[in-house]
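Accompanying notes for the structure given below.
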Amino acid sequence: MATATRLSKLAVAAVATAAGGSILLQPSFSSNDRGTSGHAIESYRNKINDPTAVVPPRSVQESALIGASPVNPLDILVVGGGATGCGVALDAVTRGLRVGLVEREDFSSGTSSRSTKLIHGGVRYLEKAVFNLDYKQLKLVFHALEERKQFIENAPHLCHALPCMTPCFDWFEVIYYWIGLKMYDFVAGRRLLHLSRYYSAQESVELFPTLARNGGGRSLKGTVVYYDGQMNDSRVNVGLACTAALAGAAVLNHAEVVGFLKDEASDRIIGARIRDKLSGREFDTYAKVIVNAAGPFCDSVRKMADKEAVSMICPSSGVHVVLPDYYSPEGMGLIVPKTKDGRVVFMLPWLGRTVAGTTDSNTGITMLPEPHEDEIQFILDAISDYLNVKVRRTDVLSAWSGIRPLAIDPSAKNTESISRDHVVCEDYPGLVTITGGKWTTYRSMAEDAVSAAIKSGKLKPTNECVTDKLRLAGGDGWEPAYFTVLAQQYLRMKKTHSGKVVPGVMDTAAAKHLSQAYGVLAERVATIAQNESLGKRLAHGYPFLEAEVAYCARHEYCESAIDFIARRSRLAFLDTDAANHALPRVIEILAAEHYWDKSRQKQELQKAKKFLETFKSSKNAQFHDGKHN
């Protein structure tokens, strides 16, 4: 009877949320609040989308932080430039607060660039919610599905819906997955991307030609296809940083917090000592509240304030490999919810290649996590069970590891059972920490963190949160057909080795890439390609142009070769060999933009090559007796 009652509560919750009900608590607005927020969002949209607007130079951003004094402090200083940190900066500045952000390396240099690239509600969490009658898990799914839709709408050029195929090798699986994924559709309600549906074995193979008809002695009975979102993660992250900067936040990458400043009387944190890692210069900046959004490193930030702080992070490693495009068709992913050892594996088309993963295992916290060979081999072995193509280690173009900053649940025995929900706390006066969660819910995590900071510092925002209705820079006015404007109106002027300039067409591949990476700002990149003779491709077989290096140096705080090959373009993640070949030209262009001498150029090359060695492509693996070690 108790079980039936709990199940009925889950069902009622699902119906209410799917119908637009208020299962999740939302901030209450008076009519006056709505008017204020409406005016504010129009003001910020105009500011961000002004055709003449450019982000302030890095030197101006640093001066703004230096100018924050004890008598005129920032409202909020964010530590960490990942998805959550940049989300916090954007949320806070668009509430009318005075905001600064510092990031030790580059925006998205950590976990935020090493994700699965999915924007998802969590099919697995829904399964757990139903079988465990767990309302908390169900709320997570509701919330993530709400955020999934907003995420895609706020960055339409960088995100899209992706159909994902689930293979079924007996009729029970067909029924089980069909019902489960229909429930996923139902829970999404008005936030649904597209309806899931069943395909016969023959239809499935036509849609996914490399899908095996037989696996483990069983024949394919069909597949169930459902939809989630996909993104270019680090480009979204950089977009968040630049949008926050356009809105008025002082964001500074390659700037490390080396200590906190405390009020002697109250012991409250009132600022931070910052080291500019590019110049070596140190300075103090003051803020009413510090928001710690350092991802896996949030414990080390907390321990700067209190050496006795108890750790909050249980780090989990997620490894991914990149394979050639022929492993998966364009526009269709493959997800196996439960392999023979109970894990989830997937293959997804991404930027013209195939991403496969992932693992979920305990790990240590390091700046540059590297995938272990046995983790790479697990992924290759797991996907080979479902493909009719020979899966080869030599096909691995790139492989990387990311550290998930899971918030610890003391009763959990392994990382797979730890909730992916986020935690906001203030365990030291003046230091608000936000951790846990996932990429999909970065916006609402930021909203919660800013609300906590407002309460902590008794801040006075001019309006409520508006980020649920605010597109990132480049997204407003963008349409999928926007690439045709680039193809028809711009040339790729290319300089030969002899110095002669020859015109080239802005081909469809290059135009689509620029459109989907920069949105309506792509015309700025195309103008550089045309007017400054930077229209050559950086690497054979990839659409990245020389003009992008110059554009990112000028308008996206690209301060190093690694910043470009890993976060502004995705070449390091797609193909380490191609990234290596592109490096000399990338460094040459950055040197012209940033006035680097020969010594700095040599240093950049060495650093970038060492960085690429952590991406365990087949080129970077060691052969012994015909096997990789």
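A note on labels: chains of the structure tokens are A, B, ... as shown, every chain counts residues from 1, and ligands are counted from 1 in their shown order.
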
Per-residue nearest contacts stretch 333-377 of chain A to stretch 196-216 of chain A, cut-off 12 Å, using only C-alpha atoms, as JSON lines:
```
{"residue": "A:Gly333", "atom": "CA", "partner": "A:Phe208", "partner_atom": "CA", "distance": 8.6}
{"residue": "A:Leu334", "atom": "CA", "partner": "A:Phe208", "partner_atom": "CA", "distance": 8.5}
{"residue": "A:Ile335", "atom": "CA", "partner": "A:Leu211", "partner_atom": "CA", "distance": 11.4}
{"residue": "A:Val336", "atom": "CA", "partner": "A:Leu211", "partner_atom": "CA", "distance": 11.8}
{"residue": "A:Thr339", "atom": "CA", "partner": "A:Gly216", "partner_atom": "CA", "distance": 11.0}
{"residue": "A:Lys340", "atom": "CA", "partner": "A:Gly216", "partner_atom": "CA", "distance": 9.5}
{"residue": "A:Met347", "atom": "CA", "partner": "A:Leu211", "partner_atom": "CA", "distance": 10.9}
{"residue": "A:Leu348", "atom": "CA", "partner": "A:Phe208", "partner_atom": "CA", "distance": 11.4}
{"residue": "A:Pro349", "atom": "CA", "partner": "A:Phe208", "partner_atom": "CA", "distance": 11.4}
```

Exercise for the section: Would you please give, as a ChimeraX atom specification, all residues of stretch 96-270 of chain A that DSSP assigns to alpha helix (DSSP H) based on the backbone? Expected result: /A:123-131,135-154,171-188,201-207,233-247

With a cut-off of 12 Å, could you pull out the residues of stretch 332-447 of chain A touching stretch 257-260 of chain A and give me the nearest pair of atoms for each, distance in Å to one decimal, using only C-alpha atoms, ordered by chain and ascending number, as CSV?
```
residue,atom,partner,partner_atom,distance
A:Tyr428,CA,A:Phe260,CA,11.6
A:Pro429,CA,A:Phe260,CA,11.8
A:Gly430,CA,A:Phe260,CA,10.4
A:Leu431,CA,A:Phe260,CA,9.8
```

Resulting file, chosen residues, N, CA, C and O atoms, as an mmCIF file, in the first residue's frame:
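This went into out_8.cif:
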```cif
data_model
loop_
_atom_site.group_PDB
_atom_site.id
_atom_site.type_symbol
_atom_site.label_atom_id
_atom_site.label_comp_id
_atom_site.auth_asym_id
_atom_site.auth_seq_id
_atom_site.Cartn_x
_atom_site.Cartn_y
_atom_site.Cartn_z
ATOM 1 N N TYR A 428 32.420 29.318 5.221
ATOM 2 C CA TYR A 428 33.322 30.332 5.772
ATOM 3 C C TYR A 428 32.733 31.690 5.402
ATOM 4 O O TYR A 428 32.314 31.892 4.260
ATOM 5 N N PRO A 429 32.665 32.632 6.337
ATOM 6 C CA PRO A 429 32.016 33.920 6.055
ATOM 7 C C PRO A 429 32.616 34.616 4.839
ATOM 8 O O PRO A 429 33.834 34.818 4.760
ATOM 9 N N GLY A 430 31.747 34.943 3.889
ATOM 10 C CA GLY A 430 32.192 35.651 2.697
ATOM 11 C C GLY A 430 32.602 34.764 1.540
ATOM 12 O O GLY A 430 32.921 35.267 0.459
ATOM 13 N N LEU A 431 32.604 33.434 1.748
ATOM 14 C CA LEU A 431 32.994 32.496 0.680
ATOM 15 C C LEU A 431 31.847 31.532 0.411
ATOM 16 O O LEU A 431 31.574 30.636 1.208
#
```

Handout entry: Selection near A:Thr433, 6 Å with only C-alpha atoms, sequence-local residues under 5 positions removed, as a PyMOL selection string
Key = chain A and resi 291-292+424-425

Practice task
Considering only C-alpha atoms, state which residue in the set A:Glu532, A:Asp468, A:Asp325, A:Glu62 is at the smallest distance from A:Ala155.
Solution key: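 Of the candidates, the smallest distance to A:Ala155 is held by A:Asp468.
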
Exercise for the section: For atom CA of A:Gly519 and atom CA of A:Lys149, quote the distance in Å rounded to one decimal. Expected result: 18.5 Å

Problem - Distance criterion (only C-alpha atoms): nearest to A:Pro73 out of A:Gln530, A:Gln137, A:Thr285, A:Thr576 - result: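 The answer is A:Thr285, which sits nearest to A:Pro73.
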
Problem - Non-local contacts of A:Glu173 (12 Å; only C-alpha atoms; under 3 positions in same chain excluded) as a list in words - result: Thr166, Pro167, Cys168, Phe169, Asp170, Tyr176, Tyr177, Trp178, Ile179, Gly180, Leu181, Tyr198, Leu220, Lys221, Gly222, Thr223, Val224, Val336, Pro337 and Lys338 of chain A

Handout entry: Exercise: A:Gly318 partners within 6 Å, only C-alpha atoms, chain neighbours under 4 positions left out, as a PyMOL selection string
Key = chain A and resi 358-360+401-402

Give me the stretch 91-190 of chain A side of the contact with stretch 246-251 of chain A, cut-off 9 Å, one line per residue showing its nearest atom pair and distance in Å at one decimal, counting only C-alpha atoms, sorted by chain and residue number, as a Markdown table.
```
| residue | atom | partner | partner_atom | distance |
| --- | --- | --- | --- | --- |
| A:Ala92 | CA | A:Ala249 | CA | 8.6 |
| A:Val93 | CA | A:Ala249 | CA | 6.0 |
| A:Thr94 | CA | A:Ala247 | CA | 6.8 |
| A:Leu97 | CA | A:Ala249 | CA | 8.8 |
| A:Arg98 | CA | A:Ala249 | CA | 6.9 |
| A:Val99 | CA | A:Ala249 | CA | 5.0 |
| A:Gly100 | CA | A:Ala250 | CA | 4.6 |
| A:Leu101 | CA | A:Val251 | CA | 4.6 |
| A:Val102 | CA | A:Val251 | CA | 6.1 |
| A:Glu103 | CA | A:Val251 | CA | 8.2 |
```

For the selection just defined, write its residues with N, CA, C and O atoms to a file, as a PDB file, in the first residue's frame.
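Contents of the output file result_5.pdb:
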```pdb
ATOM      1  N   ALA A  92      25.140  37.267 -12.377  1.00  0.00           N
ATOM      2  CA  ALA A  92      25.297  38.367 -11.424  1.00  0.00           C
ATOM      3  C   ALA A  92      25.340  39.732 -12.120  1.00  0.00           C
ATOM      4  O   ALA A  92      24.701  40.692 -11.677  1.00  0.00           O
ATOM      5  N   VAL A  93      26.097  39.823 -13.212  1.00  0.00           N
ATOM      6  CA  VAL A  93      26.223  41.133 -13.868  1.00  0.00           C
ATOM      7  C   VAL A  93      24.902  41.563 -14.500  1.00  0.00           C
ATOM      8  O   VAL A  93      24.581  42.756 -14.540  1.00  0.00           O
ATOM      9  N   THR A  94      24.085  40.589 -14.946  1.00  0.00           N
ATOM     10  CA  THR A  94      22.786  40.946 -15.518  1.00  0.00           C
ATOM     11  C   THR A  94      21.716  41.136 -14.453  1.00  0.00           C
ATOM     12  O   THR A  94      20.557  41.400 -14.778  1.00  0.00           O
ATOM     13  N   LEU A  97      24.718  43.759 -10.696  1.00  0.00           N
ATOM     14  CA  LEU A  97      25.784  43.736  -9.702  1.00  0.00           C
ATOM     15  C   LEU A  97      27.139  44.006 -10.349  1.00  0.00           C
ATOM     16  O   LEU A  97      27.329  43.785 -11.546  1.00  0.00           O
ATOM     17  N   ARG A  98      28.084  44.448  -9.542  1.00  0.00           N
ATOM     18  CA  ARG A  98      29.449  44.703 -10.015  1.00  0.00           C
ATOM     19  C   ARG A  98      30.254  43.425  -9.824  1.00  0.00           C
ATOM     20  O   ARG A  98      30.411  42.939  -8.696  1.00  0.00           O
ATOM     21  N   VAL A  99      30.768  42.865 -10.928  1.00  0.00           N
ATOM     22  CA  VAL A  99      31.270  41.494 -10.909  1.00  0.00           C
ATOM     23  C   VAL A  99      32.671  41.386 -11.507  1.00  0.00           C
ATOM     24  O   VAL A  99      32.989  42.025 -12.513  1.00  0.00           O
ATOM     25  N   GLY A 100      33.493  40.549 -10.863  1.00  0.00           N
ATOM     26  CA  GLY A 100      34.792  40.175 -11.415  1.00  0.00           C
ATOM     27  C   GLY A 100      34.900  38.657 -11.431  1.00  0.00           C
ATOM     28  O   GLY A 100      34.208  37.965 -10.682  1.00  0.00           O
ATOM     29  N   LEU A 101      35.736  38.136 -12.309  1.00  0.00           N
ATOM     30  CA  LEU A 101      35.986  36.691 -12.375  1.00  0.00           C
ATOM     31  C   LEU A 101      37.449  36.457 -12.691  1.00  0.00           C
ATOM     32  O   LEU A 101      38.016  37.121 -13.575  1.00  0.00           O
ATOM     33  N   VAL A 102      38.065  35.514 -11.985  1.00  0.00           N
ATOM     34  CA  VAL A 102      39.443  35.109 -12.298  1.00  0.00           C
ATOM     35  C   VAL A 102      39.489  33.605 -12.519  1.00  0.00           C
ATOM     36  O   VAL A 102      38.796  32.841 -11.849  1.00  0.00           O
ATOM     37  N   GLU A 103      40.300  33.204 -13.476  1.00  0.00           N
ATOM     38  CA  GLU A 103      40.480  31.794 -13.815  1.00  0.00           C
ATOM     39  C   GLU A 103      41.973  31.508 -13.915  1.00  0.00           C
ATOM     40  O   GLU A 103      42.699  32.205 -14.629  1.00  0.00           O
TER      41      GLU A 103
END
```
